[in-house]
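What follows is the content of entry_10.cif, which has mmCIF, C-alpha atoms:
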```cif
data_upload
loop_
_atom_site.label_atom_id
_atom_site.label_comp_id
_atom_site.auth_asym_id
_atom_site.auth_seq_id
_atom_site.Cartn_x
_atom_site.Cartn_y
_atom_site.Cartn_z
CA MET A 9 -8.05 6.36 -1.39
CA ARG A 10 -10.28 3.92 -3.23
CA PRO A 11 -11.71 1.04 -1.15
CA VAL A 12 -9.61 -2.14 -1.23
CA PRO A 13 -10.96 -5.56 -0.22
CA ASN A 14 -9.68 -6.81 3.15
CA ASP A 15 -8.19 -3.42 4.08
CA LYS A 16 -9.12 -2.28 7.55
CA PRO A 17 -10.42 1.29 7.79
CA PHE A 18 -8.34 4.16 9.12
CA ILE A 19 -10.15 5.23 12.29
CA LEU A 20 -9.23 7.98 14.75
CA ALA A 21 -11.38 8.86 17.75
CA GLY A 22 -14.28 6.89 16.33
CA ARG A 23 -14.25 8.58 12.92
CA THR A 24 -13.30 6.84 9.67
CA TYR A 25 -11.10 8.61 7.14
CA GLN A 26 -10.48 7.74 3.50
CA SER A 27 -7.17 9.60 3.17
CA ARG A 28 -4.16 8.30 5.09
CA LEU A 29 -2.23 11.52 4.52
CA LEU A 30 -2.28 14.18 7.24
CA VAL A 31 -0.80 17.56 6.40
CA GLY A 32 0.40 20.65 8.21
CA THR A 33 -0.37 24.28 7.54
CA GLY A 34 2.91 26.06 8.29
CA LYS A 35 5.76 27.31 6.11
CA TYR A 36 3.72 28.20 3.00
CA LYS A 37 4.22 31.60 1.37
CA ASP A 38 0.62 32.64 2.00
CA LEU A 39 -2.84 31.33 2.88
CA GLU A 40 -3.80 30.79 -0.74
CA GLU A 41 -0.87 28.45 -1.32
CA THR A 42 -1.79 26.69 1.92
CA ARG A 43 -5.34 26.18 0.70
CA ALA A 44 -4.29 24.95 -2.74
CA ALA A 45 -1.68 22.49 -1.45
CA ILE A 46 -3.98 20.98 1.14
CA GLU A 47 -6.73 20.58 -1.42
CA ALA A 48 -4.32 18.89 -3.85
CA SER A 49 -3.15 16.50 -1.12
CA GLY A 50 -6.58 15.01 -0.65
CA ALA A 51 -6.01 15.11 3.11
CA GLU A 52 -8.98 15.14 5.45
CA ILE A 53 -7.02 15.90 8.63
CA VAL A 54 -5.09 19.16 8.82
CA THR A 55 -2.81 19.93 11.74
CA VAL A 56 -2.41 23.47 13.07
CA ALA A 57 0.30 24.84 15.38
CA VAL A 58 -1.83 26.80 17.84
CA ARG A 59 1.14 28.80 19.17
CA ARG A 60 2.13 29.94 15.67
CA THR A 61 -1.11 30.16 13.70
CA ASN A 62 -4.16 32.32 14.18
CA ILE A 63 -7.34 30.26 14.47
CA GLY A 64 -9.27 32.97 16.24
CA GLN A 65 -7.10 33.92 19.18
CA ASN A 66 -5.90 37.08 17.38
CA PRO A 67 -8.98 39.03 16.21
CA GLY A 68 -8.36 41.27 13.22
CA GLU A 69 -5.55 39.12 11.79
CA PRO A 70 -5.90 36.64 8.89
CA ASN A 71 -7.51 33.48 10.22
CA LEU A 72 -6.39 30.10 8.86
CA LEU A 73 -9.90 28.75 9.32
CA ASP A 74 -11.11 31.15 6.63
CA VAL A 75 -9.32 28.99 4.02
CA ILE A 76 -9.24 25.64 5.85
CA SER A 77 -12.83 25.18 6.90
CA PRO A 78 -13.59 22.97 9.93
CA GLU A 79 -16.72 21.94 8.04
CA ARG A 80 -14.57 20.33 5.36
CA TYR A 81 -11.50 19.22 7.30
CA THR A 82 -10.82 17.73 10.71
CA ILE A 83 -8.67 20.35 12.40
CA LEU A 84 -5.90 18.76 14.46
CA PRO A 85 -4.44 21.35 16.88
CA ASN A 86 -0.83 20.60 17.78
CA THR A 87 1.53 21.81 20.47
CA ALA A 88 4.51 22.62 18.24
CA GLY A 89 6.84 25.04 19.97
CA CYS A 90 6.14 23.69 23.45
CA PHE A 91 9.11 22.56 25.55
CA THR A 92 7.33 21.69 28.81
CA ALA A 93 4.35 19.57 29.71
CA GLU A 94 2.66 22.61 31.25
CA ASP A 95 2.89 24.65 28.04
CA ALA A 96 1.59 21.75 25.98
CA VAL A 97 -1.41 21.19 28.25
CA ARG A 98 -2.20 24.91 28.26
CA THR A 99 -2.01 25.03 24.46
CA CYS A 100 -4.40 22.09 24.05
CA ARG A 101 -6.89 23.66 26.42
CA LEU A 102 -6.71 26.93 24.46
CA ALA A 103 -7.38 25.02 21.24
CA ARG A 104 -10.39 23.34 22.82
CA GLU A 105 -11.82 26.74 23.72
CA LEU A 106 -11.18 28.21 20.26
CA LEU A 107 -12.66 25.19 18.46
CA ASP A 108 -15.84 24.81 20.52
CA GLY A 109 -14.87 21.85 22.66
CA HIS A 110 -12.73 20.03 20.08
CA LYS A 111 -10.99 17.08 21.81
CA LEU A 112 -8.66 15.65 19.15
CA VAL A 113 -5.12 17.01 19.54
CA LYS A 114 -1.60 16.21 18.49
CA LEU A 115 0.76 16.37 21.44
CA GLU A 116 4.41 17.19 20.94
CA VAL A 117 6.80 18.37 23.64
CA LEU A 118 10.22 19.22 22.26
CA ALA A 119 13.59 18.81 23.94
CA ASP A 120 15.60 21.61 22.31
CA GLN A 121 15.65 24.04 19.39
CA LYS A 122 18.57 22.37 17.61
CA THR A 123 17.11 18.88 17.11
CA LEU A 124 13.40 19.35 17.85
CA PHE A 125 13.64 15.83 19.24
CA PRO A 126 10.78 14.87 21.56
CA ASN A 127 11.28 15.25 25.29
CA VAL A 128 9.87 11.88 26.27
CA ILE A 129 9.62 12.60 30.01
CA GLU A 130 7.63 15.80 29.48
CA THR A 131 5.56 14.10 26.78
CA LEU A 132 4.51 11.35 29.18
CA LYS A 133 3.57 13.95 31.80
CA ALA A 134 1.47 15.97 29.38
CA ALA A 135 -0.21 12.89 27.88
CA GLU A 136 -1.33 11.72 31.31
CA VAL A 137 -2.90 15.09 32.15
CA LEU A 138 -4.59 15.50 28.76
CA ILE A 139 -6.07 12.00 28.75
CA LYS A 140 -7.52 12.53 32.22
CA ASP A 141 -8.92 15.84 30.98
CA GLY A 142 -10.87 14.08 28.24
CA PHE A 143 -8.68 14.78 25.20
CA ASP A 144 -8.14 12.31 22.36
CA VAL A 145 -4.35 12.43 22.20
CA MET A 146 -2.24 11.64 19.15
CA VAL A 147 1.34 11.80 20.32
CA TYR A 148 4.64 12.64 18.60
CA THR A 149 7.40 10.56 20.13
CA SER A 150 10.80 9.01 19.62
CA ASP A 151 11.26 5.71 17.81
CA ASP A 152 11.69 3.85 21.11
CA PRO A 153 9.33 0.85 21.02
CA ILE A 154 9.03 0.79 24.82
CA ILE A 155 7.90 4.41 25.04
CA ALA A 156 5.52 3.88 22.14
CA ARG A 157 3.98 0.95 23.99
CA GLN A 158 3.65 2.94 27.22
CA LEU A 159 1.93 5.84 25.47
CA ALA A 160 -0.59 3.46 23.93
CA GLU A 161 -1.19 1.70 27.22
CA MET A 162 -1.88 4.96 29.05
CA GLY A 163 -4.61 5.85 26.56
CA CYS A 164 -3.17 7.78 23.60
CA ILE A 165 -5.32 7.05 20.54
CA ALA A 166 -2.39 7.08 18.10
CA VAL A 167 1.39 6.95 18.39
CA MET A 168 3.46 9.05 15.98
CA PRO A 169 7.16 8.13 16.02
CA LEU A 170 9.57 10.26 14.06
CA ALA A 171 11.24 8.73 11.02
CA GLY A 172 13.84 11.50 10.95
CA LEU A 173 14.29 14.87 12.64
CA ILE A 174 11.57 17.45 11.96
CA GLY A 175 12.13 19.42 8.78
CA THR A 176 15.25 17.53 7.66
CA GLY A 177 13.72 15.59 4.77
CA LEU A 178 16.16 12.73 5.45
CA GLY A 179 13.53 10.09 4.87
CA ILE A 180 12.92 6.91 6.87
CA CYS A 181 16.11 6.71 8.94
CA ASN A 182 14.93 4.02 11.35
CA PRO A 183 12.87 1.33 9.56
CA TYR A 184 13.85 -1.40 12.00
CA ASN A 185 12.67 0.47 15.10
CA LEU A 186 9.48 1.38 13.27
CA ARG A 187 8.89 -2.28 12.43
CA ILE A 188 9.15 -3.23 16.10
CA ILE A 189 6.69 -0.48 17.05
CA LEU A 190 4.31 -1.66 14.34
CA GLU A 191 4.54 -5.30 15.43
CA GLU A 192 3.50 -4.37 18.98
CA ALA A 193 0.96 -1.69 18.06
CA THR A 194 -2.46 -1.68 19.71
CA VAL A 195 -3.34 1.78 18.33
CA PRO A 196 -2.69 3.38 14.93
CA VAL A 197 0.97 4.17 14.21
CA LEU A 198 1.66 7.19 12.00
CA VAL A 199 5.06 8.36 10.82
CA ASP A 200 5.56 11.96 11.85
CA ALA A 201 8.65 13.94 10.74
CA GLY A 202 11.49 13.15 8.38
CA VAL A 203 9.64 12.65 5.10
CA GLY A 204 11.29 14.55 2.25
CA THR A 205 9.74 13.24 -0.94
CA ALA A 206 7.10 10.87 -2.26
CA SER A 207 9.22 7.73 -2.05
CA ASP A 208 9.73 8.31 1.70
CA ALA A 209 5.98 8.38 2.23
CA THR A 210 5.60 5.18 0.21
CA ILE A 211 8.24 3.40 2.30
CA ALA A 212 6.48 4.40 5.52
CA MET A 213 3.23 2.97 4.24
CA GLU A 214 4.90 -0.20 2.94
CA LEU A 215 6.21 -0.81 6.46
CA GLY A 216 2.60 -0.97 7.62
CA CYS A 217 2.01 2.49 9.07
CA GLU A 218 -1.64 3.51 9.20
CA ALA A 219 -0.86 6.97 7.86
CA VAL A 220 1.80 9.67 7.48
CA LEU A 221 1.82 13.26 8.71
CA MET A 222 3.98 15.82 6.93
CA ASN A 223 4.42 19.55 6.42
CA SER A 224 7.93 20.58 5.33
CA ALA A 225 8.12 18.00 2.53
CA ILE A 226 5.22 19.72 0.81
CA ALA A 227 5.62 23.34 1.91
CA HIS A 228 9.36 23.48 1.14
CA ALA A 229 9.09 21.84 -2.27
CA GLN A 230 9.76 24.06 -5.27
CA ASN A 231 6.15 23.47 -6.29
CA PRO A 232 4.19 22.73 -3.09
CA VAL A 233 0.87 22.11 -4.82
CA LEU A 234 2.38 19.57 -7.20
CA MET A 235 4.28 17.86 -4.37
CA ALA A 236 1.06 17.65 -2.36
CA GLU A 237 -0.54 15.74 -5.21
CA ALA A 238 2.51 13.48 -5.49
CA MET A 239 2.24 12.69 -1.79
CA LYS A 240 -1.39 11.73 -2.20
CA TYR A 241 -0.50 9.09 -4.77
CA ALA A 242 2.59 7.97 -2.83
CA ILE A 243 0.50 7.20 0.23
CA GLU A 244 -1.99 5.25 -1.86
CA ALA A 245 0.74 3.30 -3.65
CA GLY A 246 2.47 2.43 -0.40
CA ARG A 247 -0.72 1.19 1.19
CA LEU A 248 -1.58 -0.94 -1.84
CA ALA A 249 1.93 -2.43 -1.88
CA TYR A 250 1.69 -3.23 1.83
CA LEU A 251 -1.62 -5.00 1.32
CA ALA A 252 -0.33 -6.84 -1.75
CA GLY A 253 2.74 -8.18 0.05
CA ARG A 254 6.10 -7.78 -1.62
CA MET A 255 8.07 -10.65 -3.13
CA PRO A 256 10.84 -12.08 -0.94
CA LYS A 257 14.34 -10.73 -1.41
CA LYS A 258 16.88 -13.19 -2.79
CA LEU A 259 20.65 -13.18 -3.03
CA TYR A 260 20.73 -14.74 -6.50
CA ALA A 261 18.75 -14.31 -9.69
CA SER A 262 15.79 -16.45 -10.68
CA ALA A 263 14.18 -16.59 -14.10
CA SER A 264 11.09 -14.45 -14.60
CA SER A 265 9.53 -17.12 -16.82
CA PRO A 266 9.21 -20.84 -15.99
CA LEU A 267 11.83 -23.14 -17.50
CA ASP A 268 9.51 -26.15 -17.93
CA GLY A 269 8.72 -26.89 -21.57
CA LEU A 270 11.59 -24.77 -22.86
CA ILE A 271 12.46 -25.58 -26.48
CA ARG A 272 16.00 -26.92 -26.67
#
```
If you took the structure in this file and wrote it as structure tokens, what would it be?
Amino acid sequence: MRPVPNDKPFILAGRTYQSRLLVGTGKYKDLEETRAAIEASGAEIVTVAVRRTNIGQNPGEPNLLDVISPERYTILPNTAGCFTAEDAVRTCRLARELLDGHKLVKLEVLADQKTLFPNVIETLKAAEVLIKDGFDVMVYTSDDPIIARQLAEMGCIAVMPLAGLIGTGLGICNPYNLRIILEEATVPVLVDAGVGTASDATIAMELGCEAVLMNSAIAHAQNPVLMAEAMKYAIEAGRLAYLAGRMPKKLYASASSPLDGLIR
């Protein structure tokens, strides 16, 4: 994203990023499509499900890092597929070993297979352990403002409330809860889950989110590479609109042009 006067930088774990779009690596038809879509998105942070993707733990199998280079992208290991705090902590520690001491992780602990809703109790448990263990924890959570505040207070570096259930593409279902979280935020707030198309990403950014993370919206599009590019521009447009400040909503019409000096 081009620099904009008076815009604060997007910083995670002490590093500044130009792109406010974070993308996943799952659900593509092959590694080449993964590479092309991520490149088209302009993303600098790429999240990887350690339990589902080979990043070196399975020698002899195709390695995602062969097409998504850690020298070019910040790799964000995530704990997708974990349903207990213990599994999530173990997965993050495995990622740290595979990525030579990498500390930045995305924590998610799921409640069940049907909804993939976060298990907040297990998430809090895992976050506490990981923070004490020296990880920089970005955390997927519910849209509960109180939980979001607690996760920030305990030391998570970013809070990532869902906007809709994972993989549903329903869009921003909870703008009012998100606004409360944003008003109280002391760390970056990123929408995670629910985005289905470019306008959803724009709305999230117009609300004031620092960034948006998505996977299914791009990977499940009919043309993932083209959708990835659309998402890049949607994020930029939403951020610019947020900084510009929208006009107030009114119940009745008002003339676009001034009435003073009108010829009668």
Check: Do you know which residues are at most 6 Å from Met146 in chain A counting only C-alpha atoms, after dropping those on the same chain fewer than 4 positions away, and could you put them as a ChimeraX atom specification?
Finding: /A:114,164-167
Based on the selection just made, write C-alpha atoms of those residues as a PDB file, in the coordinates of the input.
```
ATOM      1  CA  LYS A 114      -1.600  16.210  18.490  1.00  0.00           C
ATOM      2  CA  CYS A 164      -3.170   7.780  23.600  1.00  0.00           C
ATOM      3  CA  ILE A 165      -5.320   7.050  20.540  1.00  0.00           C
ATOM      4  CA  ALA A 166      -2.390   7.080  18.100  1.00  0.00           C
ATOM      5  CA  VAL A 167       1.390   6.950  18.390  1.00  0.00           C
TER       6      VAL A 167
END
```
Note to self: I'd like the contact shell of Glu161 in chain A - 12 Å cut-off, all atoms listed in the file, skipping same-chain residues fewer than 5 positions apart - returned as number ranges by chain.
What the structure shows: A: 132, 135-136, 139, 154-156, 166-167, 192-195
Note to self: Using only C-alpha atoms and a cutoff of 8 Å, can you tell me which residues are near (4.1, 26.7, 17.5) in the file's coordinates, and write them out as a list in words?
What the structure shows: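 Collected hits near the coordinates: Ala57, Val58, Arg59, Arg60, Thr61, Asn86, Thr87, Ala88, Gly89 and Cys90 of chain A.
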Selection in question (the file shown): the PyMOL selection byres ((chain A and resi 131) around 10). Which residues does it include, as an mmCIF file with C-alpha atoms, keeping the file's coordinate frame?
```
data_model
loop_
_atom_site.group_PDB
_atom_site.id
_atom_site.type_symbol
_atom_site.label_atom_id
_atom_site.label_comp_id
_atom_site.auth_asym_id
_atom_site.auth_seq_id
_atom_site.Cartn_x
_atom_site.Cartn_y
_atom_site.Cartn_z
ATOM 1 C CA PHE A 91 9.110 22.560 25.550
ATOM 2 C CA THR A 92 7.330 21.690 28.810
ATOM 3 C CA ALA A 93 4.350 19.570 29.710
ATOM 4 C CA ALA A 96 1.590 21.750 25.980
ATOM 5 C CA LEU A 115 0.760 16.370 21.440
ATOM 6 C CA GLU A 116 4.410 17.190 20.940
ATOM 7 C CA VAL A 117 6.800 18.370 23.640
ATOM 8 C CA LEU A 118 10.220 19.220 22.260
ATOM 9 C CA ALA A 119 13.590 18.810 23.940
ATOM 10 C CA PRO A 126 10.780 14.870 21.560
ATOM 11 C CA ASN A 127 11.280 15.250 25.290
ATOM 12 C CA VAL A 128 9.870 11.880 26.270
ATOM 13 C CA ILE A 129 9.620 12.600 30.010
ATOM 14 C CA GLU A 130 7.630 15.800 29.480
ATOM 15 C CA LEU A 132 4.510 11.350 29.180
ATOM 16 C CA LYS A 133 3.570 13.950 31.800
ATOM 17 C CA ALA A 134 1.470 15.970 29.380
ATOM 18 C CA ALA A 135 -0.210 12.890 27.880
ATOM 19 C CA GLU A 136 -1.330 11.720 31.310
ATOM 20 C CA VAL A 147 1.340 11.800 20.320
ATOM 21 C CA TYR A 148 4.640 12.640 18.600
ATOM 22 C CA THR A 149 7.400 10.560 20.130
ATOM 23 C CA LEU A 159 1.930 5.840 25.470
#
```
Next item on the list: Translate the PyMOL selection byres ((chain A and resi 238-243) around 6), as applied to the file shown, into an explicit residue set as a ChimeraX atom specification.
Entry: /A:49,206,209-210,235-237,244-246
Next item on the list: Could you tell me which residues the PyMOL selection byres ((chain A and resi 200) around 9) grabs in this file, written as number ranges by chain?
Entry: A: 148-149, 168-172, 174, 198-199, 201-203, 220-222
Next item on the list: Rank A:Gly204, A:Gly253, A:Gly177, A:Pro232 by their smallest atom-to-atom distance to Ala48 in chain A, using all atoms listed in the file, and report the top residue only.
Entry: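 Selected residue with least distance to Ala48 in chain A: A:Pro232.
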Item checked: Using all atoms listed in the file: which of A:Thr123, A:Val97, A:Thr205, A:Val31 has the shortest distance to Gly142 in chain A ->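 Checking each of A:Thr123, A:Val97, A:Thr205, A:Val31 against Gly142 in chain A, counting all atoms listed in the file, the winner is A:Val97.
The spacing separating CA of Lys37 in chain A from CA of Leu84 in chain A amounts to 20.9 Å.
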Next item on the list: Have a look at CA of Val145 in chain A and CA of Pro85 in chain A and let me know their distance in Å, one decimal.
Entry: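 Computed distance, CA of Val145 in chain A to CA of Pro85 in chain A, equals 10.4 Å.
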Notebook entry, point to check: Which of these residues is nearest to Asn62 in chain A, using all atoms listed in the file: A:Gly22, A:Tyr36, A:Ala103, A:Ala45?
Noted result: A:Ala103
Item checked: Selection near Leu72 in chain A, 10 Å with only C-alpha atoms, sequence-local residues under 5 positions removed, as a ChimeraX atom specification -> /A:33,39-40,42-43,56,61-64,77
Padded axis-aligned box of range 24-29 of chain A (8 Å per side), centre and edge lengths, Å, one decimal, as JSON:
```
{"center_x": -7.8, "center_y": 9.2, "center_z": 6.4, "size_x": 27.1, "size_y": 20.7, "size_z": 22.5}
```
Next item on the list: Find, counting all atoms listed in the file, the residue in A:Pro13, A:Gly32, A:Gly175, A:Pro183 that gets nearest to Cys217 in chain A.
Entry: A:Pro183
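Considering the residues A:Val75, A:Met255, A:Ile211, A:Ile83 and counting all atoms listed in the file, Ala51 in chain A has its shortest atom-to-atom contact with A:Ile83.
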Note to self: Could you check the closest approach to Ala227 in chain A for each of A:Ile46, A:Leu186, A:Leu30, A:Leu107 and tell me which residue wins, using all atoms listed in the file?
What the structure shows: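 Ranked by minimum distance to Ala227 in chain A, first place goes to A:Ile46.
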Next item on the list: Can you work out the spacing between CA of Glu214 in chain A and CA of Leu251 in chain A in Å, to one decimal?
Entry: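 Interatomic distance, CA of Glu214 in chain A to CA of Leu251 in chain A: 8.3 Å.
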Where atoms are missing, can you supply all heavy atoms for range 159-170 of chain A and output the lot as a PDB file, in the coordinates of the input?
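Writing done, so here's out36.pdb:
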```pdb
ATOM      1  N   LEU A 159       2.875   4.789  25.855  1.00  0.00           N
ATOM      2  CA  LEU A 159       1.930   5.840  25.470  1.00  0.00           C
ATOM      3  C   LEU A 159       0.598   5.248  25.039  1.00  0.00           C
ATOM      4  O   LEU A 159      -0.471   5.791  25.343  1.00  0.00           O
ATOM      5  CB  LEU A 159       2.531   6.691  24.353  1.00  0.00           C
ATOM      6  CG  LEU A 159       3.676   7.620  24.779  1.00  0.00           C
ATOM      7  CD1 LEU A 159       4.450   8.115  23.561  1.00  0.00           C
ATOM      8  CD2 LEU A 159       3.144   8.797  25.586  1.00  0.00           C
ATOM      9  N   ALA A 160       0.650   4.132  24.328  1.00  0.00           N
ATOM     10  CA  ALA A 160      -0.590   3.460  23.930  1.00  0.00           C
ATOM     11  C   ALA A 160      -1.324   2.904  25.142  1.00  0.00           C
ATOM     12  O   ALA A 160      -2.543   3.037  25.265  1.00  0.00           O
ATOM     13  CB  ALA A 160      -0.288   2.361  22.926  1.00  0.00           C
ATOM     14  N   GLU A 161      -0.570   2.309  26.043  1.00  0.00           N
ATOM     15  CA  GLU A 161      -1.190   1.700  27.220  1.00  0.00           C
ATOM     16  C   GLU A 161      -1.841   2.739  28.130  1.00  0.00           C
ATOM     17  O   GLU A 161      -2.847   2.454  28.785  1.00  0.00           O
ATOM     18  CB  GLU A 161      -0.135   0.909  28.009  1.00  0.00           C
ATOM     19  CG  GLU A 161       0.291  -0.383  27.301  1.00  0.00           C
ATOM     20  CD  GLU A 161       1.433  -1.093  28.014  1.00  0.00           C
ATOM     21  OE1 GLU A 161       2.057  -0.457  28.917  1.00  0.00           O
ATOM     22  OE2 GLU A 161       1.706  -2.253  27.693  1.00  0.00           O
ATOM     23  N   MET A 162      -1.305   3.948  28.173  1.00  0.00           N
ATOM     24  CA  MET A 162      -1.880   4.960  29.050  1.00  0.00           C
ATOM     25  C   MET A 162      -3.105   5.623  28.444  1.00  0.00           C
ATOM     26  O   MET A 162      -3.805   6.372  29.124  1.00  0.00           O
ATOM     27  CB  MET A 162      -0.826   6.005  29.436  1.00  0.00           C
ATOM     28  CG  MET A 162      -0.355   6.903  28.323  1.00  0.00           C
ATOM     29  SD  MET A 162       1.149   7.845  28.802  1.00  0.00           S
ATOM     30  CE  MET A 162       0.565   8.756  30.221  1.00  0.00           C
ATOM     31  N   GLY A 163      -3.367   5.368  27.134  1.00  0.00           N
ATOM     32  CA  GLY A 163      -4.610   5.850  26.560  1.00  0.00           C
ATOM     33  C   GLY A 163      -4.501   6.770  25.368  1.00  0.00           C
ATOM     34  O   GLY A 163      -5.524   7.287  24.898  1.00  0.00           O
ATOM     35  N   CYS A 164      -3.293   6.987  24.833  1.00  0.00           N
ATOM     36  CA  CYS A 164      -3.170   7.780  23.600  1.00  0.00           C
ATOM     37  C   CYS A 164      -3.856   7.016  22.467  1.00  0.00           C
ATOM     38  O   CYS A 164      -3.736   5.795  22.360  1.00  0.00           O
ATOM     39  CB  CYS A 164      -1.710   8.020  23.260  1.00  0.00           C
ATOM     40  SG  CYS A 164      -0.851   9.103  24.439  1.00  0.00           S
ATOM     41  N   ILE A 165      -4.559   7.727  21.592  1.00  0.00           N
ATOM     42  CA  ILE A 165      -5.320   7.050  20.540  1.00  0.00           C
ATOM     43  C   ILE A 165      -4.475   6.751  19.307  1.00  0.00           C
ATOM     44  O   ILE A 165      -4.891   5.976  18.441  1.00  0.00           O
ATOM     45  CB  ILE A 165      -6.567   7.848  20.131  1.00  0.00           C
ATOM     46  CG1 ILE A 165      -6.170   9.158  19.436  1.00  0.00           C
ATOM     47  CG2 ILE A 165      -7.462   8.116  21.332  1.00  0.00           C
ATOM     48  CD1 ILE A 165      -7.290   9.753  18.631  1.00  0.00           C
ATOM     49  N   ALA A 166      -3.304   7.361  19.200  1.00  0.00           N
ATOM     50  CA  ALA A 166      -2.390   7.080  18.100  1.00  0.00           C
ATOM     51  C   ALA A 166      -0.979   7.462  18.545  1.00  0.00           C
ATOM     52  O   ALA A 166      -0.793   8.426  19.290  1.00  0.00           O
ATOM     53  CB  ALA A 166      -2.767   7.861  16.847  1.00  0.00           C
ATOM     54  N   VAL A 167      -0.009   6.696  18.082  1.00  0.00           N
ATOM     55  CA  VAL A 167       1.390   6.950  18.390  1.00  0.00           C
ATOM     56  C   VAL A 167       2.083   7.366  17.098  1.00  0.00           C
ATOM     57  O   VAL A 167       1.905   6.739  16.052  1.00  0.00           O
ATOM     58  CB  VAL A 167       2.060   5.689  18.982  1.00  0.00           C
ATOM     59  CG1 VAL A 167       3.544   5.917  19.178  1.00  0.00           C
ATOM     60  CG2 VAL A 167       1.400   5.323  20.302  1.00  0.00           C
ATOM     61  N   MET A 168       2.889   8.440  17.169  1.00  0.00           N
ATOM     62  CA  MET A 168       3.460   9.050  15.980  1.00  0.00           C
ATOM     63  C   MET A 168       4.980   9.170  16.111  1.00  0.00           C
ATOM     64  O   MET A 168       5.517  10.257  16.394  1.00  0.00           O
ATOM     65  CB  MET A 168       2.818  10.420  15.753  1.00  0.00           C
ATOM     66  CG  MET A 168       1.292  10.359  15.744  1.00  0.00           C
ATOM     67  SD  MET A 168       0.495  11.975  15.637  1.00  0.00           S
ATOM     68  CE  MET A 168       0.807  12.369  13.919  1.00  0.00           C
ATOM     69  N   PRO A 169       5.697   8.075  15.913  1.00  0.00           N
ATOM     70  CA  PRO A 169       7.160   8.130  16.020  1.00  0.00           C
ATOM     71  C   PRO A 169       7.779   8.881  14.848  1.00  0.00           C
ATOM     72  O   PRO A 169       7.281   8.814  13.719  1.00  0.00           O
ATOM     73  CB  PRO A 169       7.568   6.658  16.006  1.00  0.00           C
ATOM     74  CG  PRO A 169       6.466   5.964  15.275  1.00  0.00           C
ATOM     75  CD  PRO A 169       5.215   6.717  15.621  1.00  0.00           C
ATOM     76  N   LEU A 170       8.861   9.587  15.131  1.00  0.00           N
ATOM     77  CA  LEU A 170       9.570  10.260  14.060  1.00  0.00           C
ATOM     78  C   LEU A 170      10.308   9.238  13.203  1.00  0.00           C
ATOM     79  O   LEU A 170      10.736   8.191  13.683  1.00  0.00           O
ATOM     80  CB  LEU A 170      10.536  11.312  14.607  1.00  0.00           C
ATOM     81  CG  LEU A 170      11.572  10.909  15.678  1.00  0.00           C
ATOM     82  CD1 LEU A 170      12.761  10.187  15.065  1.00  0.00           C
ATOM     83  CD2 LEU A 170      12.047  12.145  16.422  1.00  0.00           C
TER      84      LEU A 170
END
```
